[in-house]
>>> print(open('final_27.txt').read())   # compact mmCIF, C-alpha atoms
# COMPACT_ATOMS: atom_id res chain seq x y z
CA MET A 280 -18.59 -20.93 50.47
CA THR A 281 -14.95 -20.08 51.18
CA LYS A 282 -13.82 -22.71 48.66
CA LYS A 283 -16.07 -21.25 45.96
CA LEU A 284 -14.76 -17.76 46.63
CA THR A 285 -11.20 -19.06 46.40
CA ILE A 286 -11.89 -20.71 43.03
CA ILE A 287 -13.56 -17.54 41.73
CA ALA A 288 -10.60 -15.46 42.92
CA LEU A 289 -8.17 -17.82 41.14
CA LEU A 290 -10.16 -17.64 37.91
CA ILE A 291 -10.22 -13.85 38.06
CA SER A 292 -6.48 -13.76 38.76
CA SER A 293 -5.76 -16.12 35.83
CA ALA A 294 -7.92 -14.07 33.49
CA LEU A 295 -6.20 -10.88 34.63
CA ILE A 296 -2.74 -12.40 34.10
CA ILE A 297 -3.70 -13.55 30.59
CA PHE A 298 -5.11 -10.10 29.81
CA LEU A 299 -1.98 -8.35 31.06
CA LEU A 300 0.32 -10.68 29.13
CA LYS A 301 -1.69 -10.18 25.95
CA SER A 302 -1.70 -6.41 26.43
CA CYS A 303 2.05 -6.43 27.03
CA ASN A 304 2.64 -8.49 23.89
CA ASN A 305 0.38 -6.21 21.87
CA TYR A 306 2.33 -3.16 22.99
CA MET A 307 5.57 -4.96 22.15
CA TYR A 308 4.32 -5.86 18.67
CA LYS A 309 2.94 -2.36 18.12
CA ASP A 310 6.33 -0.80 18.85
CA ARG A 311 8.14 -3.40 16.76
CA ILE A 312 5.86 -3.00 13.73
CA GLN A 313 6.12 0.78 13.91
CA GLU A 314 9.91 0.53 13.98
CA GLU A 315 9.90 -1.89 11.03
CA ASN A 316 7.72 0.42 8.95
CA ASP A 317 9.94 3.41 9.74
CA ARG A 318 13.07 1.43 8.92
CA ILE A 319 11.65 0.39 5.55
CA ASN A 320 10.41 3.95 4.92
CA PRO A 321 12.99 6.23 6.61
CA THR A 322 11.91 9.38 4.72
CA GLY A 323 8.27 8.93 5.71
CA ASN A 324 7.05 9.46 2.16
CA ARG A 325 7.10 6.09 0.42
CA ALA A 326 4.84 3.73 2.34
CA VAL A 327 3.17 2.92 -0.97
CA CYS A 328 4.19 3.51 -4.59
CA LEU A 329 1.60 3.52 -7.38
CA ALA A 330 2.74 2.48 -10.84
CA VAL A 331 1.63 4.69 -13.70
CA GLY A 332 3.58 3.43 -16.71
CA GLU A 333 6.54 1.16 -17.32
CA LEU A 334 8.21 0.07 -14.10
CA TYR A 335 11.70 -0.31 -15.59
CA ALA A 336 11.78 2.24 -18.43
CA ASP A 337 11.99 6.01 -18.71
CA MET A 338 8.97 6.39 -21.00
CA TYR A 339 8.26 10.13 -20.81
CA PRO A 340 7.43 12.19 -22.78
CA TYR A 341 4.87 9.62 -23.90
CA THR A 342 2.22 9.87 -26.61
CA ILE A 343 -0.79 7.64 -26.10
CA HIS A 344 -2.08 5.23 -28.71
CA TYR A 345 -5.13 3.04 -29.10
CA LEU A 346 -5.39 -0.72 -29.58
CA GLU A 347 -8.31 -2.28 -31.39
CA GLY A 348 -9.97 -5.55 -30.49
CA GLU A 349 -11.86 -7.28 -27.72
CA ILE A 350 -10.65 -7.39 -24.14
CA ASP A 351 -10.26 -10.88 -22.69
CA PRO A 352 -11.67 -10.61 -19.15
CA ASN A 353 -9.90 -13.86 -18.19
CA ASP A 354 -6.46 -12.59 -19.15
CA PRO A 355 -4.90 -10.46 -16.38
CA TYR A 356 -2.19 -9.37 -18.85
CA ASP A 357 -4.54 -8.36 -21.66
CA LYS A 358 -2.67 -5.73 -23.70
CA ILE A 359 -5.77 -3.80 -24.72
CA ALA A 360 -7.02 -3.48 -21.15
CA ALA A 361 -3.55 -2.46 -19.94
CA ASN A 362 -3.25 0.19 -22.66
CA ASN A 363 -6.70 1.59 -21.88
CA GLU A 364 -5.82 1.76 -18.18
CA LEU A 365 -2.54 3.55 -18.89
CA ASN A 366 -4.31 6.16 -21.03
CA LEU A 367 -6.83 6.69 -18.24
CA LYS A 368 -4.17 6.96 -15.53
CA LEU A 369 -2.22 9.55 -17.48
CA SER A 370 -5.34 11.64 -18.01
CA LEU A 371 -6.32 11.50 -14.34
CA TYR A 372 -2.83 12.32 -13.04
CA ALA A 373 -2.60 15.20 -15.53
CA LYS A 374 -5.77 16.68 -14.05
CA GLU A 375 -4.04 16.56 -10.64
CA GLY A 376 -1.00 18.40 -12.03
CA LEU A 377 1.49 15.52 -12.05
CA PHE A 378 1.73 15.43 -15.86
CA THR A 379 1.44 17.96 -18.63
CA GLU A 380 -1.13 17.06 -21.30
CA GLU A 381 -0.64 18.25 -24.89
CA LEU A 382 -2.91 17.47 -27.85
CA VAL A 383 -0.59 16.43 -30.70
CA GLY A 384 -2.97 14.92 -33.26
CA HIS A 385 -5.76 12.44 -33.83
CA ASP A 386 -6.14 8.78 -34.65
CA GLY A 387 -9.31 8.97 -36.72
CA ASP A 388 -11.71 10.73 -34.38
CA LYS A 389 -9.69 9.88 -31.25
CA PRO A 390 -7.40 12.52 -29.74
CA LEU A 391 -3.72 11.78 -29.23
CA TYR A 392 -2.16 13.34 -26.16
CA ARG A 393 1.48 13.63 -25.16
CA TYR A 394 2.30 13.49 -21.45
CA ASN A 395 5.37 14.58 -19.55
CA LEU A 396 6.18 14.82 -15.86
CA THR A 397 5.74 18.18 -14.17
CA ASP A 398 7.94 19.46 -11.35
CA GLU A 399 5.08 18.55 -9.00
CA GLY A 400 4.98 15.00 -10.36
CA ARG A 401 8.73 14.58 -9.92
CA LYS A 402 8.37 15.25 -6.19
CA TYR A 403 6.69 11.87 -5.76
CA LEU A 404 8.95 9.73 -7.97
CA ASP A 405 10.67 6.78 -6.33
CA LYS A 406 14.33 7.73 -6.76
CA THR A 407 15.48 4.18 -5.99
CA TRP A 408 14.18 2.93 -9.37
CA TRP A 409 15.93 3.43 -12.69
CA GLY A 410 13.37 5.12 -14.92
CA GLY A 411 9.71 4.26 -14.68
CA THR A 412 7.06 6.20 -12.84
CA ASN A 413 5.99 5.18 -9.38
CA PHE A 414 4.32 7.95 -7.44
CA CYS A 415 5.15 7.35 -3.77
CA PHE A 416 3.78 8.87 -0.60
CA GLY A 417 2.85 8.32 3.03
CA ARG A 418 4.05 7.12 6.40
CA ILE A 419 2.27 4.31 8.25
CA VAL A 420 1.40 4.99 11.90
CA VAL A 421 0.32 1.89 13.81
CA ASP A 422 -2.83 2.42 15.89
CA LYS A 423 -3.36 -0.98 17.48
CA ILE A 424 -2.69 -4.71 17.17
CA ASP A 425 -5.72 -6.68 16.08
CA GLU A 426 -4.60 -10.33 16.13
CA VAL A 427 -1.55 -12.59 16.39
CA ASP A 428 -1.91 -15.69 14.23
CA ASP A 429 0.39 -18.74 14.61
CA GLN A 430 -1.75 -21.17 12.63
CA LEU A 431 0.85 -21.72 9.90
CA GLN A 432 3.77 -23.82 11.13
CA GLY A 433 6.95 -21.80 11.45
CA MET A 434 5.19 -18.53 10.68
CA ARG A 435 3.48 -15.73 12.56
CA MET A 436 1.08 -13.19 11.08
CA ILE A 437 0.35 -10.05 13.02
CA TYR A 438 -2.72 -8.11 11.95
CA PHE A 439 -2.99 -4.47 12.92
CA TYR A 440 -4.73 -1.20 12.13
CA TYR A 441 -3.02 2.00 11.09
CA HIS A 442 -3.52 5.47 9.68
CA MET A 443 -1.27 7.23 7.20
CA GLU A 444 0.59 10.53 7.40
CA ASN A 445 2.01 12.60 4.50
CA VAL A 446 -0.90 11.87 2.17
CA PRO A 447 -1.07 14.22 -0.85
CA ASN A 448 -4.41 15.52 -2.11
CA TRP A 449 -4.13 13.88 -5.54
CA ILE A 450 -4.45 10.33 -4.19
CA LYS A 451 -7.67 11.27 -2.39
CA ASN A 452 -9.33 11.46 -5.81
CA LYS A 453 -11.64 8.42 -5.90
CA ASP A 454 -11.02 7.96 -9.63
CA ILE A 455 -7.32 7.47 -8.88
CA TYR A 456 -7.25 5.31 -5.74
CA SER A 457 -10.00 3.09 -7.20
CA LEU A 458 -7.57 2.09 -9.98
CA TYR A 459 -5.38 0.24 -7.44
CA PRO A 460 -7.52 -2.50 -5.87
CA GLY A 461 -4.40 -4.60 -5.33
CA TYR A 462 -3.44 -2.58 -2.26
CA GLY A 463 -5.86 -3.64 0.45
CA GLY A 464 -6.96 -0.74 2.60
CA LEU A 465 -5.71 1.99 0.24
CA LYS A 466 -9.02 3.87 0.38
CA GLU A 467 -9.09 3.78 4.19
CA ALA A 468 -5.42 4.75 4.41
CA VAL A 469 -5.64 7.81 2.15
CA LEU A 470 -9.01 9.12 3.31
CA GLY A 471 -8.40 8.48 7.00
CA ASP A 472 -12.09 8.05 7.85
CA ILE A 473 -11.52 4.65 9.46
CA PRO A 474 -8.32 2.73 10.35
CA ALA A 475 -6.73 0.74 7.52
CA PRO A 476 -5.84 -2.96 7.93
CA GLY A 477 -2.22 -4.09 7.71
CA THR A 478 -0.30 -7.34 8.16
CA HIS A 479 3.29 -8.24 8.93
CA TYR A 480 4.52 -11.74 8.16
CA TYR A 481 7.34 -13.40 10.11
CA ASN A 482 9.31 -16.61 10.02
CA ILE A 483 9.85 -18.09 13.47
CA GLN A 484 13.58 -18.82 13.85
CA TYR A 485 15.09 -21.84 15.64
CA ASP A 486 15.66 -19.75 18.75
CA GLY A 487 12.08 -18.47 18.78
CA SER A 488 12.93 -15.03 17.44
CA LEU A 489 10.96 -13.51 14.56
CA LYS A 490 12.31 -12.54 11.13
CA LEU A 491 10.17 -10.17 9.07
CA THR A 492 9.45 -11.54 5.60
CA ALA A 493 6.83 -9.08 4.36
CA GLY A 494 5.65 -5.78 5.78
CA THR A 495 3.18 -3.06 4.91
CA SER A 496 5.48 -0.17 3.93
CA GLY A 497 7.35 -0.12 0.63
CA HIS A 498 4.71 -1.74 -1.57
CA TYR A 499 4.55 -1.19 -5.32
CA VAL A 500 1.04 -1.37 -6.67
CA LEU A 501 0.27 -1.88 -10.36
>>> encode(input="final_27.txt", output="structure tokens")
Amino acid sequence: MTKKLTIIALLISSALIIFLLKSCNNYMYKDRIQEENDRINPTGNRAVCLAVGELYADMYPYTIHYLEGEIDPNDPYDKIAANNELNLKLSLYAKEGLFTEELVGHDGDKPLYRYNLTDEGRKYLDKTWWGGTNFCFGRIVVDKIDEVDDQLQGMRMIYFYYHMENVPNWIKNKDIYSLYPGYGGLKEAVLGDIPAPGTHYYNIQYDGSLKLTAGTSGHYVL
């Protein structure tokens, strides 16, 4: 009986030690990932940047146009689809006050609108880019570590959950955030109803230290 109790006590102690070590590591990673996000995003207002038009060109004021033809669903760079999406984005952002919208003519029975940035829209521009329009916002706040994954040799992936601060009202418009499916967890992050998923990727160095290769803050989403 005494031997069985001793074995049970050892098992409980081992489990407790493993739990405490894991909890300690999770707290360590939580603090580290928070610091990395804040270092990448020191102003707390550019966790994510959403592309509206040309990334590398100052295209405003811009007058929309229409392209005829069939959209190729298998071509991710289809010009007709891209043009249609740009026209839609401009219209939606104008309704949120980030662009002016001026009717300047017609192409047959289709209206032609000219768009220019408003003072409100300029508040969210990424000043680190030359030209282009990338509306940026938000600060990531890490809530908890979900999993540490070492399955890939020489790499470590740390999955976590977070919420976002400094979220403007315009991105909470479903018609707008739904246009950016490439940013996983954008809906959760901007609405704040449930925690959003994030991942940090690291290379494991020769001395066992970790070097961040890709984080969650600072993403540009087309």
>>> closest_residue(input="final_27.txt", among="A:Asn363, A:Asn413, A:Thr342, A:Ser370", to="A:Tyr392", atoms="all atoms listed in the file")
A:Thr342
>>> residues_around(input="final_27.txt", residues="A:Val420", least_positions_apart="2", cutoff="12 Å", atoms="all atoms listed in the file", output="PyMOL selection string")
chain A and resi 309-317+320+323+326+417-418+422-424+439-445+468+471+474-477+495-496
>>> closest_residue(input="final_27.txt", among="A:Gly433, A:Thr379, A:Ile359, A:Leu470", to="A:Asn448", atoms="only C-alpha atoms")
A:Leu470
>>> closest_residue(input="final_27.txt", among="A:Val500, A:Ile343, A:Leu431, A:Leu491", to="A:Phe414", atoms="only C-alpha atoms")
A:Val500
>>> atom_distance(input="final_27.txt", atom1="atom CA of A:Tyr356", atom2="atom CA of A:Gly463")
20.5 Å
>>> atom_distance(input="final_27.txt", atom1="atom CA of A:Glu426", atom2="atom CA of A:Tyr438")
5.1 Å
>>> closest_residue(input="final_27.txt", among="A:Tyr462, A:Arg325, A:Gly376, A:His479", to="A:Thr492", atoms="only C-alpha atoms")
A:His479
>>> residues_near_point(input="final_27.txt", point="(-6.3, 4.0, -20.1)", cutoff="12 Å", atoms="only C-alpha atoms", output="list in words")
Val331, Gly332, Ile343, His344, Tyr345, Leu346, Lys358, Ile359, Ala360, Ala361, Asn362, Asn363, Glu364, Leu365, Asn366, Leu367, Lys368, Leu369, Ser370, Leu371, Tyr372, Tyr392, Ile455 and Leu458 of chain A
>>> closest_residue(input="final_27.txt", among="A:Asp388, A:Glu399, A:Asp425, A:Glu333", to="A:Ala373", atoms="all atoms listed in the file")
A:Glu399
>>> atom_distance(input="final_27.txt", atom1="atom CA of A:Asp454", atom2="atom CA of A:His385")
25.2 Å
>>> closest_residue(input="final_27.txt", among="A:Ile419, A:Ile437, A:Leu489, A:Leu501", to="A:Asn324", atoms="all atoms listed in the file")
A:Ile419
>>> residues_around(input="final_27.txt", residues="A:Gly461", least_positions_apart="6", cutoff="12 Å", atoms="all atoms listed in the file", output="short mmCIF file (atom, residue, chain, number, x, y, z; two decimals) with C-alpha atoms, keeping the file's coordinate frame")
data_model
loop_
_atom_site.label_atom_id
_atom_site.label_comp_id
_atom_site.auth_asym_id
_atom_site.auth_seq_id
_atom_site.Cartn_x
_atom_site.Cartn_y
_atom_site.Cartn_z
CA VAL A 327 3.17 2.92 -0.97
CA CYS A 328 4.19 3.51 -4.59
CA LEU A 329 1.60 3.52 -7.38
CA ALA A 330 2.74 2.48 -10.84
CA HIS A 498 4.71 -1.74 -1.57
CA TYR A 499 4.55 -1.19 -5.32
CA VAL A 500 1.04 -1.37 -6.67
CA LEU A 501 0.27 -1.88 -10.36
#
>>> residues_around(input="final_27.txt", residues="A:Ile483", least_positions_apart="2", cutoff="9 Å", atoms="only C-alpha atoms", output="number ranges by chain")
A: 432-435, 481, 485-490
